[in-house]
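Here's the structure, in structure tokens; my notes come after.
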Amino acid sequence: MKKNLRLRSMIAIAMLSSISFVLMLFNFPLPPFPAFLQVDFSEVPAIIAAITMGPVAGILVELLKNVLDWLFSGSPTGVPVGHMANFATGVLFILPVWWVYHRLSNAKGMTTGLILGTISMAVGMSLLNYVLFLPLYVKFMNFPVMSGEELYQMIVLGILPFNLLKGIILAAIILLLFRSMHRWIEKQRAVFLG
């Protein structure tokens, strides 16, 4: 029985990763923000994986989605800096959602988790962009080095509000799906986590 459940988990993670990869292809920028910041809905399957099979499943969906996208689309830097940033964004978003929903498995728990996930993603990516990702883009893409004020404006006026808006958009979509999928999600949780 345990071997059968492991196989089902692997198949479900592979399917959700594939769906997530396809959703990642349909990305789009939001007009007031820098063009390299793009919204996609690929975190939705990762959320489903995390709340039905646990946080490792959600992280694996994020990882496999980004590896697939890197293999098929490549990276302008040669190094998958954008994919690493997308992976970090996804993990920062899904882990708080899983943590809250694991303790409070209803619409209130999902809403609270999505709010915390949005805040975690926005603040975490602001810090990671400041410390890691923007310096990597400067190094690999030969972008001009940003001064303290310019970097501060990029983070506070670009990355932080973008991730807050992205989180709100994702939360709205996930809550709409959650309404119709709540029973199915609980059945899947009983199978995988029961």
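Residue numbering restarts at 1 for every chain of the structure tokens, chains are lettered A, B, ... in their displayed order, and ligands are numbered from 1 as they appear.
Residues in contact with A:His182 at up to 10 Å, not including ones fewer than 6 positions away on its chain and judged by only C-alpha atoms, are A:Ser105, A:Asn106, A:Ala107, A:Leu175, A:Gln188.
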Output C-alpha atoms for every residue in the selection just made, as an mmCIF file, in the first residue's frame.
data_model
loop_
_atom_site.group_PDB
_atom_site.id
_atom_site.type_symbol
_atom_site.label_atom_id
_atom_site.label_comp_id
_atom_site.auth_asym_id
_atom_site.auth_seq_id
_atom_site.Cartn_x
_atom_site.Cartn_y
_atom_site.Cartn_z
ATOM 1 C CA SER A 105 -8.262 23.438 6.952
ATOM 2 C CA ASN A 106 -11.091 25.677 5.795
ATOM 3 C CA ALA A 107 -11.715 28.818 3.751
ATOM 4 C CA LEU A 175 -9.748 31.299 -3.586
ATOM 5 C CA GLN A 188 -6.769 14.081 -1.610
#
Where in stretch 7-193 of chain A does DSSP assign helix (DSSP H, G or I), given as an MDAnalysis selection string?
chainID A and resid 7:25 43:53 55:73 81:103 107:141 148:192
Mind running stretch 158-191 of chain A against stretch 73-92 of chain A at 12 Å and telling me each contacting residue's nearest atom pair with the distance in Å (one decimal), counting only C-alpha atoms, chain and number ascending, as JSON lines?
{"residue": "A:Ile159", "atom": "CA", "partner": "A:Thr89", "partner_atom": "CA", "distance": 11.4}
{"residue": "A:Leu160", "atom": "CA", "partner": "A:Thr89", "partner_atom": "CA", "distance": 11.9}
{"residue": "A:Phe162", "atom": "CA", "partner": "A:Thr89", "partner_atom": "CA", "distance": 11.9}
{"residue": "A:Asn163", "atom": "CA", "partner": "A:Thr89", "partner_atom": "CA", "distance": 8.7}
{"residue": "A:Leu164", "atom": "CA", "partner": "A:Thr89", "partner_atom": "CA", "distance": 11.5}
{"residue": "A:Lys166", "atom": "CA", "partner": "A:Thr89", "partner_atom": "CA", "distance": 10.5}
{"residue": "A:Gly167", "atom": "CA", "partner": "A:Thr89", "partner_atom": "CA", "distance": 10.1}
{"residue": "A:Leu170", "atom": "CA", "partner": "A:Gly90", "partner_atom": "CA", "distance": 11.1}
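Those residues in chain A carrying a DSSP assignment of strand (DSSP E), computed from the backbone, are Phe28, Pro29, Gln38 and Val39 of chain A.
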Taking 6 positions as the minimum chain separation for residues in the same chain, which residues sit within 6 Å of stretch 111-114 of chain A when counting only C-alpha atoms? Answer as JSON, numbers by chain. {"A": [96, 97, 100, 171]}
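Straight-line separation from atom CA of A:Ile174 to atom CA of A:Arg8: 23.5 Å.
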task: Could you give me, as an MDAnalysis selection string, the residues within 9 Å of stretch 41-57 of chain A, counting only C-alpha atoms and dropping anything in the same chain fewer than 5 positions from it?
output: chainID A and resid 9:10 12:13 16:17 19:27 62 65 90:91 93:95 97:99 101:102 169:170 173:174 185:193
A straight line from atom CA of A:Asp69 to atom CA of A:Val39 spans 14.9 Å
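Checking A:Leu7, A:Tyr130, A:Val123, A:Leu165 one by one against A:Gly148, counting only C-alpha atoms, you find the shortest gap at A:Tyr130.
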